[in-house]
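Q: Take a look at this one; I'll ask things after.
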Amino acid sequence: MKAGERIVAHAVVPLDFTYNYRVGQYIERYIKALGEKKIMAVKCQDCGRVFVPPRKICGTCNRILDEWVEVGPEGTIEIFTIGHVKLNKGLVEKIDKPSIIAMVKLDGASSLLPCVINGLDPEKVKKGLRVKAVFKEPPEDSLFDLDHFEPVG
Amino acid sequence: MERKVAVVGYAMTRQASDIGVPRPIMLFELVKGLFDQMGITRDDIDTFVLCSNDFQCGRTISNVFEDTPVGAYMKDETKVEADGVMAVMYGAIRIMSGLYDTALVVGNSLGGSEFRPYLIMDYQLHPAYDRQLGILNEPVTAALQAKAYMEKYKITEDHLNKIAARLLRNAAKNPFALRGKEDATPEYIASSEYLYEPLRELHCYPFTDGACAVVLASDKRAKALTDKPVWIKGFGDSIEGYFLGDRDLSWSRSAKVAADRAYRMAGISNPAKEIDVAEISIKFASQEPIICEALGLFPEGSGAEVADRGLAEIGGEMPVCPSGGGLGAYPFSAMGLIRVAECAKQINGEAGDIQVKDVKTAVAHGQDGFCAQHNAVMVLSSEEG
């Protein structure tokens, strides 16, 4: 670019508005139970699978799920990844201490729940490890009442 | 197929991290160039199928500013929000209906310069659950999918590195790809930083600007428009449920269902033998064996052997992504459309340095969603049959 030449290259356009989603009675009931240190799931009366987080419809059977069951609070790590970064609004940022993110099969559940595992050296995480839910005290009536998971014992 | 449909023309932009022009100009130059190359005008196109995404464009009804540049002014036009293979399916179905004889399918995305692909993917998360918690994001889900496959079938990170290195070497020979490296080795891939284990930076797709346009025609019109029509022999798509925890991530059920539908329609009973080249849409190196196996190109759980023996190389038993695929460039929306165009190039012997020998039948694959929730498969062939 020549000295003094001005280029207007970009229009930076933020989208700055908020959606107000209704969580629905299933997530509402799930959150309320978390406050009592319980993890609630729904069972399909056709295929028998137990889903957590609870949702209203079984895709396979195309029916309403209406039988509530308690699962966990212990479970087993089925798949895990060790995070060396985090995403901040879509940008990759390095983190100092690696994180553990796992898909945990809670006792009594058929589906896996995405979880953060704390209190464990990332080098020691493995498939099959038993973990338990740690709840927020006092509860704040949000999804974050299920704060994280940690190794059993 | 009651009414046959062929790809009769195609063009793509250079895929870049910043294509340097606004979207309408990119699209005008691409499509006008294609029309000129084919010796046609917009009057020769009966219906237009645009493939782009409102969130990625940052405005609702993203096609409003795309219609005029692609020549759709006052024409019959519709839009597909998902992947480009689905847009080609949509265009083909419109021609098969008998209402139209020609269709222009155009897909585009400016994920390199205009928006952040990982952020856009965050907006696919369940708003009242996963998006609140912030545990999942696209590379996390891909890493979990990779682990599920790798642990089940004893695949190592070295195998992933071999897959990524092969794709970058292929991409280096493809003048349209964004990221390539002629001498890429597994060690070179392993020298890039981890994001979420086992995925390193060079296992992941590069953020890409790009567009692709394909002209489809009925058998009635195809031969008047080109000497070398590439016939769409079959297609299928399939979608899984949203929740990752409900899925067995070690394989892709929906890619298999989509492929089975496409092969049935195309009369293919043994894809590993009958298909000469595959162009699949993978966002992460670890997705390649999962998708290839779902498409029946290699046996279940064979990822290690395929990587060790170089079976997916350009000169291998079953060449996969001679273009470099998703590690060479991944323009959302246009991705699957480029796969269709690359298949047509291969069938027509126009692929230059990445040409596979004697290609008659090719398969194109597109995906959308976390861990390829939605898959579409299309079989293309030089034989009208």
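Numbering starts fresh at 1 for the residues of each chain in the structure tokens, the chains themselves are lettered A, B, ... in the order given, and ligands are numbered from 1 as they appear.
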Which polymer residues have any atom within 9 Å of an atom of Leu91 (chain A), counting only C-alpha atoms, with same-chain residues fewer than 6 positions away left out, as a PyMOL selection string?

A: chain B and resi 116+118-119

Q: Could you dump the residues just selected with N, CA, C and O atoms as a CSV table (one decimal), in the first residue's frame?

A:
```csv
chain,number,residue,atom,x,y,z
B,116,ARG,N,-16.2,-17.4,12.7
B,116,ARG,CA,-15.4,-18.4,13.3
B,116,ARG,C,-16.1,-19.8,13.3
B,116,ARG,O,-17.1,-19.9,14.0
B,118,TYR,N,-15.6,-22.7,14.7
B,118,TYR,CA,-15.9,-23.3,15.9
B,118,TYR,C,-17.0,-22.6,16.7
B,118,TYR,O,-17.8,-23.3,17.5
B,119,LEU,N,-17.1,-21.3,16.5
B,119,LEU,CA,-18.2,-20.6,17.2
B,119,LEU,C,-19.5,-20.9,16.6
B,119,LEU,O,-20.5,-21.1,17.3
```

Q: How close does region 130-243 of chain B get to region 7-23 of chain A? List, as a tab-separated table, each residue of region 130-243 of chain B within 12 Å, its nearest atom pair and the distance in Å to one decimal, counting only C-alpha atoms.

A:
```
residue	atom	partner	partner_atom	distance
B:Asp130	CA	A:Val23	CA	11.7
B:Arg131	CA	A:Tyr21	CA	11.6
B:Gln132	CA	A:Val23	CA	10.8
```

Q: Write a file of the just-selected residues containing all heavy atoms, as a short mmCIF file (atom, residue, chain, number, x, y, z; two decimals), in the first residue's frame.

A:
```cif
data_model
loop_
_atom_site.label_atom_id
_atom_site.label_comp_id
_atom_site.auth_asym_id
_atom_site.auth_seq_id
_atom_site.Cartn_x
_atom_site.Cartn_y
_atom_site.Cartn_z
N ASP B 130 -26.54 -28.11 26.40
CA ASP B 130 -25.10 -28.14 26.15
C ASP B 130 -24.47 -26.75 26.02
O ASP B 130 -23.34 -26.53 26.44
CB ASP B 130 -24.80 -28.94 24.88
CG ASP B 130 -25.00 -30.43 25.10
OD1 ASP B 130 -24.56 -30.93 26.15
OD2 ASP B 130 -25.60 -31.09 24.24
N ARG B 131 -25.21 -25.83 25.42
CA ARG B 131 -24.64 -24.49 25.24
C ARG B 131 -24.52 -23.76 26.57
O ARG B 131 -23.65 -22.91 26.76
CB ARG B 131 -25.47 -23.69 24.24
CG ARG B 131 -24.60 -22.88 23.28
CD ARG B 131 -25.40 -21.86 22.51
NE ARG B 131 -26.30 -22.47 21.55
CZ ARG B 131 -27.26 -21.79 20.94
NH1 ARG B 131 -27.43 -20.50 21.19
NH2 ARG B 131 -28.06 -22.39 20.09
N GLN B 132 -25.43 -24.09 27.49
CA GLN B 132 -25.34 -23.50 28.83
C GLN B 132 -24.10 -24.01 29.56
O GLN B 132 -23.38 -23.25 30.20
CB GLN B 132 -26.58 -23.88 29.65
CG GLN B 132 -27.90 -23.46 29.06
CD GLN B 132 -28.12 -21.97 29.18
OE1 GLN B 132 -27.84 -21.39 30.21
NE2 GLN B 132 -28.60 -21.37 28.13
#
```

Q: Which of region 299-354 of chain B end up as helix (DSSP H, G or I) when DSSP is run on this backbone - answer as a ChimeraX atom specification?

A: /B:303-309,325-328,335-347,352-354

Q: Rank B:Tyr153, B:Asn375, B:Ile282, B:Trp231 by their smallest atom-to-atom distance to Ala344 (chain B), using only C-alpha atoms, and report the top residue only.

A: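 Selected residue with least distance to Ala344 (chain B): B:Trp231.
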
Q: How close does region 53-132 of chain A get to region 200-211 of chain B? List, as CSV, each residue of region 53-132 of chain A within 12 Å, its nearest atom pair and the distance in Å to one decimal, counting only C-alpha atoms.

A:
```
residue,atom,partner,partner_atom,distance
A:Ile82,CA,B:Arg200,CA,11.6
A:Gly83,CA,B:Arg200,CA,10.6
A:His84,CA,B:Arg200,CA,9.8
A:Val85,CA,B:Arg200,CA,10.7
A:Gly90,CA,B:Phe207,CA,11.5
A:Leu91,CA,B:Phe207,CA,11.6
A:Val92,CA,B:Glu201,CA,10.2
```

Q: Applying 10 Å and only C-alpha atoms, which residues near region 294-311 of chain B remain after dropping the ones on its own chain fewer than 6 positions away? List them as an NGL selection string.

A: :B and (149-150 or 152-164 or 166 or 250-260 or 262-263 or 269-278 or 280 or 286 or 288 or 317-320 or 363 or 365 or 377)

Q: Report the distance between CA of Gly180 (chain B) and CA of Glu313 (chain B) in Å, rounded to one decimal place.

A: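 Spanning CA of Gly180 (chain B) to CA of Glu313 (chain B) is a straight-line distance of 15.1 Å.
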